[in-house]
$ cat my_file-v3.csv   # CSV, C-alpha atoms and all ligand atoms
chain,number,residue,atom,x,y,z
A,1,MET,CA,47.0,47.1,-17.5
A,2,ARG,CA,43.9,45.5,-16.2
A,3,ASP,CA,42.2,42.8,-18.2
A,4,LEU,CA,38.9,44.2,-19.3
A,5,PHE,CA,37.1,40.9,-18.5
A,6,THR,CA,38.5,40.4,-15.1
A,7,VAL,CA,36.4,41.5,-12.2
A,8,SER,CA,38.6,42.3,-9.3
A,9,SER,CA,37.9,43.6,-5.8
A,10,ASP,CA,40.2,44.9,-3.2
A,11,ASN,CA,37.8,43.5,-0.6
A,12,PRO,CA,36.5,40.0,-1.4
A,13,GLN,CA,33.8,40.1,1.2
A,14,HIS,CA,32.1,42.9,-0.8
A,15,ASP,CA,31.8,40.8,-4.0
A,16,ASP,CA,28.2,40.0,-3.3
A,17,LEU,CA,27.4,43.7,-3.4
A,18,ALA,CA,29.2,44.3,-6.7
A,19,ARG,CA,26.1,43.9,-8.8
A,20,TYR,CA,24.3,46.5,-6.6
A,21,ALA,CA,27.2,49.0,-6.7
A,22,ARG,CA,25.2,52.0,-8.1
A,23,GLN,CA,22.4,51.4,-5.6
A,24,VAL,CA,24.8,51.0,-2.7
A,25,ARG,CA,26.5,54.3,-3.7
A,26,TYR,CA,23.3,56.1,-3.1
A,27,ALA,CA,24.1,57.2,0.5
A,28,PRO,CA,20.7,57.0,2.1
A,29,LEU,CA,20.6,53.3,1.2
A,30,GLY,CA,24.3,52.4,1.5
A,31,GLU,CA,25.9,49.1,2.2
A,32,GLU,CA,23.9,48.5,5.4
A,33,GLY,CA,20.6,49.1,3.6
A,34,GLN,CA,21.6,46.8,0.8
A,35,ARG,CA,22.5,44.0,3.2
A,36,ARG,CA,19.1,44.4,4.9
A,37,LEU,CA,17.4,44.3,1.6
A,38,MET,CA,19.2,41.1,0.7
A,39,GLU,CA,18.0,39.5,3.9
A,40,SER,CA,14.4,40.6,3.4
A,41,ARG,CA,11.4,38.7,2.2
A,42,VAL,CA,8.4,40.1,0.3
A,43,LEU,CA,5.1,38.8,-1.0
A,44,ILE,CA,4.0,40.2,-4.3
A,45,CYS,CA,0.3,39.6,-4.6
A,46,GLY,CA,-0.8,39.5,-8.2
A,47,CYS,CA,1.6,39.4,-11.2
A,48,GLY,CA,-0.1,41.3,-13.9
A,49,ALA,CA,0.7,44.9,-14.9
A,50,LEU,CA,1.7,46.3,-11.4
A,51,GLY,CA,3.0,42.9,-10.2
A,52,THR,CA,5.5,42.4,-13.1
A,53,VAL,CA,7.0,45.9,-12.7
A,54,LEU,CA,7.2,45.4,-8.9
A,55,ALA,CA,8.8,41.9,-9.3
A,56,ASN,CA,11.2,43.2,-11.9
A,57,THR,CA,12.3,46.2,-9.7
A,58,LEU,CA,12.6,44.3,-6.4
A,59,VAL,CA,14.4,41.3,-7.8
A,60,ARG,CA,16.9,43.6,-9.6
A,61,ALA,CA,17.3,45.5,-6.4
A,62,GLY,CA,18.3,42.3,-4.6
A,63,VAL,CA,15.4,41.6,-2.2
A,64,GLY,CA,16.4,38.2,-0.8
A,65,PHE,CA,13.2,36.3,-1.1
A,66,VAL,CA,10.3,37.1,-3.4
A,67,ARG,CA,7.0,35.1,-3.4
A,68,ILE,CA,4.9,35.8,-6.4
A,69,VAL,CA,1.2,34.7,-6.3
A,70,ASP,CA,-1.0,34.9,-9.3
A,71,ARG,CA,-4.1,33.0,-10.5
A,72,ASP,CA,-4.0,33.7,-14.2
A,73,PHE,CA,-2.4,32.8,-17.5
A,74,ILE,CA,-1.0,35.2,-20.1
A,75,GLU,CA,-3.0,36.7,-23.0
A,76,MET,CA,-1.7,38.7,-26.0
A,77,ASN,CA,-3.4,41.9,-24.8
A,78,ASN,CA,-1.3,41.7,-21.6
A,79,LEU,CA,2.0,42.3,-23.3
A,80,GLN,CA,1.3,46.0,-23.8
A,81,ARG,CA,2.0,46.6,-20.1
A,82,GLN,CA,3.0,43.4,-18.3
A,83,VAL,CA,6.8,43.8,-18.7
A,84,LEU,CA,8.1,40.4,-17.8
A,85,PHE,CA,6.1,38.5,-20.5
A,86,ASP,CA,6.6,37.8,-24.2
A,87,GLU,CA,5.0,36.0,-27.1
A,88,ASP,CA,7.0,32.8,-26.3
A,89,ASP,CA,5.3,32.6,-22.9
A,90,ILE,CA,1.9,32.8,-24.5
A,91,ALA,CA,2.9,30.0,-27.0
A,92,ALA,CA,4.0,27.9,-24.0
A,93,GLN,CA,0.7,28.6,-22.2
A,94,LEU,CA,2.5,29.4,-19.0
A,95,PRO,CA,0.7,30.8,-16.0
A,96,LYS,CA,1.9,34.3,-15.1
A,97,ALA,CA,3.7,33.4,-11.9
A,98,ILE,CA,5.7,30.7,-13.6
A,99,ALA,CA,6.7,32.8,-16.6
A,100,ALA,CA,7.6,35.6,-14.3
A,101,ALA,CA,9.8,33.4,-12.1
A,102,ASN,CA,11.6,31.9,-15.2
A,103,LYS,CA,12.5,35.4,-16.4
A,104,LEU,CA,13.4,36.8,-12.9
A,105,ARG,CA,15.8,33.9,-12.3
A,106,ARG,CA,17.7,34.9,-15.4
A,107,ILE,CA,17.8,38.5,-14.2
A,108,ASN,CA,19.1,37.8,-10.7
A,109,SER,CA,20.0,34.2,-9.8
A,110,THR,CA,20.9,35.2,-6.3
A,111,VAL,CA,17.3,36.0,-5.3
A,112,GLU,CA,15.1,33.1,-4.1
A,113,ILE,CA,11.9,33.3,-6.1
A,114,GLU,CA,8.8,31.3,-5.2
A,115,PRO,CA,6.1,31.3,-7.8
A,116,LEU,CA,2.6,30.1,-6.8
A,117,VAL,CA,-0.2,29.7,-9.2
A,118,ALA,CA,-3.1,30.3,-6.9
A,119,ASP,CA,-5.9,32.7,-6.1
A,120,VAL,CA,-5.2,34.6,-2.9
A,121,ASP,CA,-8.1,34.0,-0.6
A,122,HIS,CA,-9.0,34.1,3.1
A,123,GLU,CA,-8.0,30.5,3.6
A,124,ASN,CA,-4.5,30.7,2.2
A,125,VAL,CA,-3.4,34.4,2.8
A,126,ILE,CA,-2.0,33.9,6.3
A,127,GLY,CA,0.3,31.1,5.1
A,128,LEU,CA,1.4,33.3,2.2
A,129,ALA,CA,2.1,36.4,4.4
A,130,GLU,CA,3.3,35.1,7.8
A,131,ASP,CA,6.9,34.5,6.8
A,132,VAL,CA,7.5,37.7,4.8
A,133,ASP,CA,8.5,41.2,6.0
A,134,LEU,CA,6.2,43.2,3.6
A,135,LEU,CA,3.2,42.7,1.3
A,136,VAL,CA,2.9,44.6,-2.0
A,137,ASP,CA,-0.2,45.0,-4.0
A,138,GLY,CA,-0.1,43.9,-7.7
A,139,THR,CA,-3.8,43.0,-7.8
A,140,ASP,CA,-6.6,44.4,-9.9
A,141,ASN,CA,-9.4,44.2,-7.4
A,142,PHE,CA,-10.6,45.7,-4.1
A,143,GLU,CA,-11.7,42.4,-2.6
A,144,THR,CA,-8.1,41.1,-2.5
A,145,ARG,CA,-6.8,44.5,-1.3
A,146,PHE,CA,-9.2,44.5,1.7
A,147,LEU,CA,-8.0,41.0,2.4
A,148,LEU,CA,-4.4,42.1,2.3
A,149,ASN,CA,-5.3,45.1,4.5
A,150,ASP,CA,-6.9,42.6,7.0
A,151,VAL,CA,-4.0,40.2,7.0
A,152,ALA,CA,-1.4,42.9,7.3
A,153,HIS,CA,-3.1,44.2,10.4
A,154,LYS,CA,-3.6,40.8,11.9
A,155,LEU,CA,0.1,40.0,11.5
A,156,GLY,CA,1.4,43.5,12.1
A,157,LYS,CA,3.2,43.7,8.8
A,158,PRO,CA,3.4,46.7,6.5
A,159,TRP,CA,1.8,46.7,3.0
A,160,VAL,CA,1.8,48.9,0.0
A,161,TYR,CA,-1.4,49.6,-1.9
A,162,GLY,CA,-1.4,50.5,-5.6
A,163,GLY,CA,-3.9,50.7,-8.3
A,164,CYS,CA,-4.4,52.2,-11.7
A,165,ILE,CA,-6.9,52.7,-14.5
A,166,GLY,CA,-6.8,54.7,-17.7
A,167,ALA,CA,-3.9,57.1,-17.3
A,168,GLU,CA,-4.5,57.6,-13.5
A,169,GLY,CA,-3.1,55.7,-10.6
A,170,GLN,CA,-2.8,55.9,-6.8
A,171,THR,CA,-0.7,54.4,-4.1
A,172,MET,CA,-0.5,54.4,-0.3
A,173,THR,CA,1.8,52.9,2.2
A,174,ILE,CA,0.3,51.3,5.3
A,175,ILE,CA,2.1,50.5,8.5
A,176,PRO,CA,-0.4,48.9,11.0
A,177,GLY,CA,-0.7,50.8,14.2
A,178,GLU,CA,1.1,53.8,12.7
A,179,THR,CA,-0.6,55.0,9.5
A,180,PRO,CA,-4.2,55.1,8.3
A,181,CYS,CA,-5.2,51.9,6.5
A,182,LEU,CA,-7.1,51.1,3.3
A,183,ARG,CA,-10.3,50.8,5.3
A,184,CYS,CA,-9.7,54.2,7.0
A,185,LEU,CA,-9.7,55.6,3.4
A,186,VAL,CA,-12.5,53.6,1.9
A,187,SER,CA,-14.9,52.0,4.3
A,188,ASP,CA,-15.9,49.0,2.1
A,189,ALA,CA,-15.0,47.3,-1.2
A,190,PRO,CA,-17.1,48.8,-4.0
A,191,PRO,CA,-19.8,46.4,-5.3
A,192,PRO,CA,-18.7,44.5,-8.4
A,193,GLY,CA,-19.5,46.3,-11.6
A,194,THR,CA,-19.6,49.8,-10.0
A,195,THR,CA,-16.0,50.9,-10.7
A,196,PRO,CA,-14.2,51.2,-14.0
A,197,THR,CA,-11.9,48.4,-15.0
A,198,CYS,CA,-9.0,47.9,-17.4
A,199,ASP,CA,-11.5,46.3,-19.7
A,200,THR,CA,-14.1,49.1,-19.6
A,201,ALA,CA,-11.8,52.2,-19.2
A,202,GLY,CA,-8.6,50.9,-20.7
A,203,ILE,CA,-5.1,51.4,-19.3
A,204,LEU,CA,-1.9,53.1,-20.5
A,205,GLY,CA,1.4,51.3,-19.9
A,206,PRO,CA,3.2,54.3,-18.4
A,207,ILE,CA,0.9,54.7,-15.5
A,208,VAL,CA,1.5,51.1,-14.5
A,209,ASN,CA,5.2,51.7,-14.5
A,210,VAL,CA,4.8,55.0,-12.4
A,211,VAL,CA,2.5,53.5,-9.8
A,212,ALA,CA,4.5,50.2,-9.4
A,213,SER,CA,7.7,52.2,-9.2
A,214,LEU,CA,6.3,54.3,-6.4
A,215,GLU,CA,5.3,51.1,-4.7
A,216,ALA,CA,8.7,49.6,-5.2
A,217,ALA,CA,10.5,52.6,-3.8
A,218,GLU,CA,8.3,52.4,-0.7
A,219,ALA,CA,9.2,48.7,-0.5
A,220,ILE,CA,12.9,49.4,-0.8
A,221,LYS,CA,12.7,52.0,2.0
A,222,ILE,CA,10.9,49.6,4.4
A,223,LEU,CA,13.0,46.5,3.6
A,224,SER,CA,16.3,48.4,3.9
A,225,GLY,CA,15.5,49.7,7.3
A,226,ASN,CA,14.4,53.2,6.2
A,227,ALA,CA,10.7,53.0,7.1
A,228,GLY,CA,11.0,56.5,8.5
A,229,GLU,CA,11.3,57.9,5.0
A,230,ILE,CA,8.0,56.4,3.7
A,231,ASN,CA,5.4,58.5,1.9
A,232,ARG,CA,2.6,59.2,4.4
A,233,ALA,CA,0.2,60.6,1.9
A,234,LEU,CA,-2.1,59.1,-0.6
A,235,THR,CA,-0.4,59.9,-3.9
A,236,ILE,CA,-2.6,60.2,-7.0
A,237,VAL,CA,-1.0,60.6,-10.4
A,238,ASP,CA,-2.7,61.5,-13.7
A,239,LEU,CA,-0.4,61.2,-16.7
A,240,TRP,CA,-2.9,62.6,-19.2
A,241,ASP,CA,-4.0,65.6,-17.2
A,242,ASN,CA,-0.4,66.1,-16.0
A,243,ARG,CA,-1.3,66.2,-12.3
A,244,ILE,CA,0.4,64.7,-9.2
A,245,ARG,CA,-1.5,65.1,-5.9
A,246,HIS,CA,-0.5,64.2,-2.4
A,247,VAL,CA,-3.5,63.8,-0.1
A,248,LYS,CA,-2.6,64.1,3.6
A,249,LEU,CA,-4.1,61.2,5.6
A,250,ASP,CA,-3.2,62.0,9.2
A,251,SER,CA,-6.7,63.1,10.2
A,252,LEU,CA,-8.2,59.8,8.9
A,253,ARG,CA,-6.7,57.6,11.6
A,254,GLU,CA,-7.3,60.2,14.3
A,255,SER,CA,-10.9,60.4,13.5
A,256,GLY,CA,-11.0,56.8,14.7
A,257,GLY,CA,-14.0,55.4,12.8
A,258,CYS,CA,-12.1,52.4,11.3
A,259,ALA,CA,-13.1,49.0,12.8
A,260,THR,CA,-9.8,47.4,11.5
A,261,CYS,CA,-7.6,49.9,13.2
A,262,LYS,CA,-9.7,50.6,16.3
A,263,ASP,CA,-11.3,47.2,17.0
A,264,GLY,CA,-9.1,44.7,15.2
A,265,GLU,CA,-12.0,43.5,13.1
A,266,TYR,CA,-10.9,41.5,10.0
A,267,PRO,CA,-14.1,40.6,8.1
A,268,TRP,CA,-12.3,39.8,4.8
A,269,LEU,CA,-9.8,37.5,6.6
A,270,ALA,CA,-12.7,35.8,8.4
A,271,GLY,CA,-14.3,35.0,5.1
A,272,GLU,CA,-17.4,37.1,6.1
A,273,LYS,CA,-16.8,39.4,3.2
A,274,GLY,CA,-15.7,38.5,-0.3
A,275,SER,CA,-16.9,35.9,-2.7
A,276,HIS,CA,-15.3,32.6,-3.8
A,277,SER,CA,-16.2,33.0,-7.5
A,278,ALA,CA,-15.3,36.0,-9.5
A,279,VAL,CA,-16.3,37.5,-12.8
A,280,LEU,CA,-12.8,38.5,-14.1
A,281,CYS,CA,-12.4,42.2,-14.8
A,282,GLY,CA,-13.2,42.9,-18.5
A,283,ARG,CA,-12.5,39.4,-19.6
A,284,ASN,CA,-15.9,37.8,-20.3
A,285,ALA,CA,-14.7,35.1,-18.0
A,286,VAL,CA,-15.5,33.6,-14.6
A,287,GLN,CA,-13.1,32.1,-12.1
A,288,LEU,CA,-14.4,29.3,-10.0
A,289,SER,CA,-12.1,29.1,-7.0
A,290,HIS,CA,-13.5,26.7,-4.5
A,291,THR,CA,-14.7,23.6,-6.2
A,292,ALA,CA,-15.5,20.3,-4.6
A,293,VAL,CA,-12.9,18.6,-6.8
A,294,GLY,CA,-9.8,19.6,-4.9
A,295,SER,CA,-6.5,18.6,-6.5
A,296,LEU,CA,-6.8,16.8,-9.8
A,297,SER,CA,-4.6,15.2,-12.4
A,298,LEU,CA,-4.4,17.2,-15.6
A,299,ASP,CA,-3.2,14.1,-17.3
A,300,ALA,CA,-6.3,12.1,-16.3
A,301,LEU,CA,-8.6,15.0,-17.2
A,302,ALA,CA,-7.0,15.4,-20.6
A,303,LYS,CA,-7.7,11.7,-21.3
A,304,LYS,CA,-11.3,12.1,-20.2
A,305,LEU,CA,-11.8,15.1,-22.5
A,306,GLU,CA,-9.9,13.9,-25.5
A,307,GLY,CA,-12.9,12.4,-27.2
A,308,VAL,CA,-15.1,15.4,-26.4
A,309,CYS,CA,-13.0,18.4,-27.5
A,310,ARG,CA,-9.6,19.8,-28.3
A,311,VAL,CA,-7.4,19.6,-25.2
A,312,ARG,CA,-3.9,21.0,-24.6
A,313,PHE,CA,-2.1,20.9,-21.3
A,314,ASN,CA,1.3,21.3,-19.6
A,315,ASP,CA,2.5,20.9,-16.0
A,316,TYR,CA,0.6,24.0,-14.9
A,317,LEU,CA,-2.7,24.1,-16.7
A,318,LEU,CA,-5.1,22.4,-19.1
A,319,ARG,CA,-7.0,24.2,-21.8
A,320,ALA,CA,-10.1,22.9,-23.5
A,321,SER,CA,-12.5,24.4,-26.0
A,322,VAL,CA,-16.0,23.1,-25.5
A,323,GLU,CA,-19.2,24.5,-27.0
A,324,GLU,CA,-18.6,28.2,-27.1
A,325,PHE,CA,-16.5,28.2,-23.9
A,326,GLU,CA,-12.7,28.1,-23.3
A,327,LEU,CA,-11.9,26.2,-20.1
A,328,THR,CA,-8.6,26.7,-18.3
A,329,VAL,CA,-8.1,24.3,-15.4
A,330,PHE,CA,-5.4,24.3,-12.8
A,331,PRO,CA,-4.1,21.4,-10.7
A,332,ASP,CA,-5.8,22.7,-7.5
A,333,GLY,CA,-9.2,22.3,-9.2
A,334,ARG,CA,-9.6,26.0,-9.9
A,335,ALA,CA,-10.9,26.9,-13.3
A,336,ILE,CA,-11.3,30.0,-15.5
A,337,ILE,CA,-14.3,29.7,-17.8
A,338,GLY,CA,-14.0,32.0,-20.8
A,339,GLY,CA,-17.0,32.9,-23.0
A,340,THR,CA,-19.4,33.9,-20.2
A,341,ASP,CA,-19.7,36.4,-17.4
A,342,ASP,CA,-22.4,34.5,-15.7
A,343,ILE,CA,-21.3,32.5,-12.6
A,344,ALA,CA,-24.1,30.0,-12.9
A,345,THR,CA,-23.4,29.2,-16.5
A,346,ALA,CA,-19.7,28.8,-15.6
A,347,ARG,CA,-20.6,26.4,-12.8
A,348,THR,CA,-22.7,24.4,-15.2
A,349,VAL,CA,-19.9,24.1,-17.7
A,350,TYR,CA,-17.5,23.1,-15.0
A,351,ALA,CA,-19.8,20.4,-13.6
A,352,LYS,CA,-20.4,19.1,-17.1
A,353,TYR,CA,-16.9,18.7,-18.3
A,354,ILE,CA,-14.6,18.7,-15.3
A,355,GLY,CA,-16.7,17.3,-12.5
A,356,SER,CA,-18.6,18.3,-9.4
B,401,ZN,ZN,-8.0,51.7,9.4
$ encode --input "my_file-v3.csv" --output "structure tokens"
Amino acid sequence: MRDLFTVSSDNPQHDDLARYARQVRYAPLGEEGQRRLMESRVLICGCGALGTVLANTLVRAGVGFVRIVDRDFIEMNNLQRQVLFDEDDIAAQLPKAIAAANKLRRINSTVEIEPLVADVDHENVIGLAEDVDLLVDGTDNFETRFLLNDVAHKLGKPWVYGGCIGAEGQTMTIIPGETPCLRCLVSDAPPPGTTPTCDTAGILGPIVNVVASLEAAEAIKILSGNAGEINRALTIVDLWDNRIRHVKLDSLRESGGCATCKDGEYPWLAGEKGSHSAVLCGRNAVQLSHTAVGSLSLDALAKKLEGVCRVRFNDYLLRASVEEFELTVFPDGRAIIGGTDDIATARTVYAKYIGS
């Protein structure tokens, strides 16, 4: 009789696949697909609602290398839908990328996970994307999505777009040179304040899981060598009105009006479009990305602010409450100023307490 606690295998070289047995048994993926998945590399851009579900699914599936980039820290109202985080992460004041990586390493220690606490922008995006096979969208804003669309086309790498609001979400898989791109679909990023956000329209947890799961399935197809099976339509799901629509996109690319696809123009990547400071969606907060400070010592900053206000800090961020504002400062000099949605006010607070 076999010992219940002994894992045995007739073929030792298959041991590394044992944890993926149910997935490998799915014939269209199979052992070859799984091995390709384990050798593949992915960039998850943004690790909030969509990003945590994407990271959770892809790390469990055994993608070999997962780079997670996120600029933010965790708040209590994130836990309703951001599946990798818990109350302990908030108490520890961890940035999202770090908290996610800690959890993901306990889920699957065989996956190499690289967390980066940073804002994806036109200066760093090439470095983040050039050594991966696929980019997946876990962001909450069109500016970053257009930047991803640009860099994907510049580098000739596929990317998967996803977004949701309320109970509705949509996703689209983009293979440069083959399928229509985001800019074929929407010619420009909508101006700030003109589209509903999670803060103004709210969001239900289930739509996040649906959209991110659709994105993850597309990622698994592409990374396992089954790109021929991708969804070539724009898929729109509304969980409240019980509708799923597939919008065919073939004619978009054929119509030929897209400067990214036709002329190789990448205005977001060139920094011609997009801003460096951002009012954070529904947060009454402003992010200041490109400050003159550069890298700074949180330890030294804490000492400087100690006599002025209450300061808490760890390896990843420093938090200070001054006047009516809540400052969160990262070692790269980036800061999120809570308590205002006015960029000029945020800059003044930054200059006053952190430096200029
Ligand atoms: Zn296009």
$ residues_near_ligand --input "my_file-v3.csv" --ligand "ligand ZN 401 (chain B)" --cutoff "6 Å" --atoms "all atoms listed in the file" --output "ChimeraX atom specification"
/A:180-181,183-184,258,260-261
$ write_last_selection --input "my_file-v3.csv" --atoms "C-alpha atoms" --output "compact mmCIF listing (two decimals), keeping the file's coordinate frame"
# COMPACT_ATOMS: atom_id res chain seq x y z
CA PRO A 180 -4.20 55.10 8.30
CA CYS A 181 -5.20 51.90 6.50
CA ARG A 183 -10.30 50.80 5.30
CA CYS A 184 -9.70 54.20 7.00
CA CYS A 258 -12.10 52.40 11.30
CA THR A 260 -9.80 47.40 11.50
CA CYS A 261 -7.60 49.90 13.20
$ residues_around --input "my_file-v3.csv" --residues "range 91-95 of chain A" --least-positions-apart "5" --cutoff "12 Å" --atoms "only C-alpha atoms" --output "ChimeraX atom specification"
/A:46-48,68-76,85-86,100-103,115-118,312-319,328-331
$ atom_distance --input "my_file-v3.csv" --atom1 "CA of Asp341 in chain A" --atom2 "CA of Val211 in chain A"
29.0 Å
$ residues_around --input "my_file-v3.csv" --residues "range 53-64 of chain A" --least-positions-apart "2" --cutoff "7 Å" --atoms "only C-alpha atoms" --output "list in words"
Leu37, Met38, Glu39, Ser40, Arg41, Ala49, Leu50, Gly51, Val66, Val83, Leu104, Ile107, Asn108, Val111, Glu112, Asn209, Ala212, Ser213 and Ala216 of chain A
$ residues_around --input "my_file-v3.csv" --residues "range 344-355 of chain A" --least-positions-apart "4" --cutoff "9 Å" --atoms "all atoms listed in the file" --output "ChimeraX atom specification"
/A:285-288,292-293,301,304-305,308,322,325,327,329,333,335-340
$ closest_residue --input "my_file-v3.csv" --among "A:Glu114, A:Asp88, A:Asp150, A:Glu31" --to "Gly264 in chain A" --atoms "all atoms listed in the file"
A:Asp150
$ closest_residue --input "my_file-v3.csv" --among "A:Arg283, A:Tyr20, A:Trp159, A:Asp119" --to "Val42 in chain A" --atoms "all atoms listed in the file"
A:Trp159
$ atom_distance --input "my_file-v3.csv" --atom1 "CA of Gly202 in chain A" --atom2 "CA of Leu147 in chain A"
25.1 Å
$ residues_around --input "my_file-v3.csv" --residues "Leu128 in chain A" --least-positions-apart "4" --cutoff "9 Å" --atoms "only C-alpha atoms" --output "mmCIF file with C-alpha atoms, keeping the file's coordinate frame"
data_model
loop_
_atom_site.group_PDB
_atom_site.id
_atom_site.type_symbol
_atom_site.label_atom_id
_atom_site.label_comp_id
_atom_site.auth_asym_id
_atom_site.auth_seq_id
_atom_site.Cartn_x
_atom_site.Cartn_y
_atom_site.Cartn_z
ATOM 1 C CA LEU A 43 5.100 38.800 -1.000
ATOM 2 C CA ARG A 67 7.000 35.100 -3.400
ATOM 3 C CA VAL A 69 1.200 34.700 -6.300
ATOM 4 C CA VAL A 120 -5.200 34.600 -2.900
ATOM 5 C CA ASN A 124 -4.500 30.700 2.200
ATOM 6 C CA VAL A 132 7.500 37.700 4.800
#
$ atom_distance --input "my_file-v3.csv" --atom1 "CA of Glu130 in chain A" --atom2 "CA of Pro190 in chain A"
27.3 Å
$ residues_around --input "my_file-v3.csv" --residues "Leu155 in chain A" --least-positions-apart "6" --cutoff "10 Å" --atoms "only C-alpha atoms" --output "MDAnalysis selection string"
chainID A and resid 126 129:131 176
$ decode --input "my_file-v3.csv" --residues "range 212-218 of chain A" --atoms "all heavy atoms" --output "PDB file, in the first residue's frame"
ATOM      1  N   ALA A 212      -9.925  40.064 -15.765  1.00  0.00           N
ATOM      2  CA  ALA A 212      -8.531  39.635 -15.577  1.00  0.00           C
ATOM      3  C   ALA A 212      -8.364  38.165 -15.963  1.00  0.00           C
ATOM      4  O   ALA A 212      -7.314  37.775 -16.476  1.00  0.00           O
ATOM      5  CB  ALA A 212      -8.105  39.860 -14.127  1.00  0.00           C
ATOM      6  N   SER A 213      -9.385  37.361 -15.742  1.00  0.00           N
ATOM      7  CA  SER A 213      -9.288  35.944 -16.135  1.00  0.00           C
ATOM      8  C   SER A 213      -9.283  35.799 -17.653  1.00  0.00           C
ATOM      9  O   SER A 213      -8.575  34.944 -18.196  1.00  0.00           O
ATOM     10  CB  SER A 213     -10.441  35.143 -15.522  1.00  0.00           C
ATOM     11  OG  SER A 213     -10.320  35.128 -14.111  1.00  0.00           O
ATOM     12  N   LEU A 214     -10.076  36.625 -18.340  1.00  0.00           N
ATOM     13  CA  LEU A 214     -10.031  36.611 -19.813  1.00  0.00           C
ATOM     14  C   LEU A 214      -8.638  37.018 -20.287  1.00  0.00           C
ATOM     15  O   LEU A 214      -8.067  36.391 -21.200  1.00  0.00           O
ATOM     16  CB  LEU A 214     -11.086  37.556 -20.395  1.00  0.00           C
ATOM     17  CG  LEU A 214     -12.555  37.146 -20.204  1.00  0.00           C
ATOM     18  CD1 LEU A 214     -13.489  38.274 -20.650  1.00  0.00           C
ATOM     19  CD2 LEU A 214     -12.868  35.869 -20.985  1.00  0.00           C
ATOM     20  N   GLU A 215      -8.080  38.039 -19.654  1.00  0.00           N
ATOM     21  CA  GLU A 215      -6.720  38.476 -20.018  1.00  0.00           C
ATOM     22  C   GLU A 215      -5.711  37.353 -19.754  1.00  0.00           C
ATOM     23  O   GLU A 215      -4.830  37.091 -20.563  1.00  0.00           O
ATOM     24  CB  GLU A 215      -6.296  39.693 -19.188  1.00  0.00           C
ATOM     25  CG  GLU A 215      -6.977  41.005 -19.521  1.00  0.00           C
ATOM     26  CD  GLU A 215      -6.340  42.156 -18.740  1.00  0.00           C
ATOM     27  OE1 GLU A 215      -5.221  42.572 -19.099  1.00  0.00           O
ATOM     28  OE2 GLU A 215      -6.950  42.605 -17.761  1.00  0.00           O
ATOM     29  N   ALA A 216      -5.844  36.703 -18.602  1.00  0.00           N
ATOM     30  CA  ALA A 216      -4.891  35.653 -18.232  1.00  0.00           C
ATOM     31  C   ALA A 216      -4.974  34.468 -19.195  1.00  0.00           C
ATOM     32  O   ALA A 216      -3.955  33.862 -19.538  1.00  0.00           O
ATOM     33  CB  ALA A 216      -5.139  35.199 -16.794  1.00  0.00           C
ATOM     34  N   ALA A 217      -6.188  34.149 -19.633  1.00  0.00           N
ATOM     35  CA  ALA A 217      -6.336  33.042 -20.588  1.00  0.00           C
ATOM     36  C   ALA A 217      -5.619  33.371 -21.897  1.00  0.00           C
ATOM     37  O   ALA A 217      -4.941  32.518 -22.492  1.00  0.00           O
ATOM     38  CB  ALA A 217      -7.819  32.763 -20.850  1.00  0.00           C
ATOM     39  N   GLU A 218      -5.744  34.624 -22.336  1.00  0.00           N
ATOM     40  CA  GLU A 218      -5.046  35.051 -23.545  1.00  0.00           C
ATOM     41  C   GLU A 218      -3.533  34.968 -23.343  1.00  0.00           C
ATOM     42  O   GLU A 218      -2.791  34.526 -24.232  1.00  0.00           O
ATOM     43  CB  GLU A 218      -5.443  36.488 -23.913  1.00  0.00           C
ATOM     44  CG  GLU A 218      -6.887  36.645 -24.325  1.00  0.00           C
ATOM     45  CD  GLU A 218      -7.210  35.933 -25.625  1.00  0.00           C
ATOM     46  OE1 GLU A 218      -6.827  36.423 -26.696  1.00  0.00           O
ATOM     47  OE2 GLU A 218      -7.843  34.850 -25.547  1.00  0.00           O
TER      48      GLU A 218
END
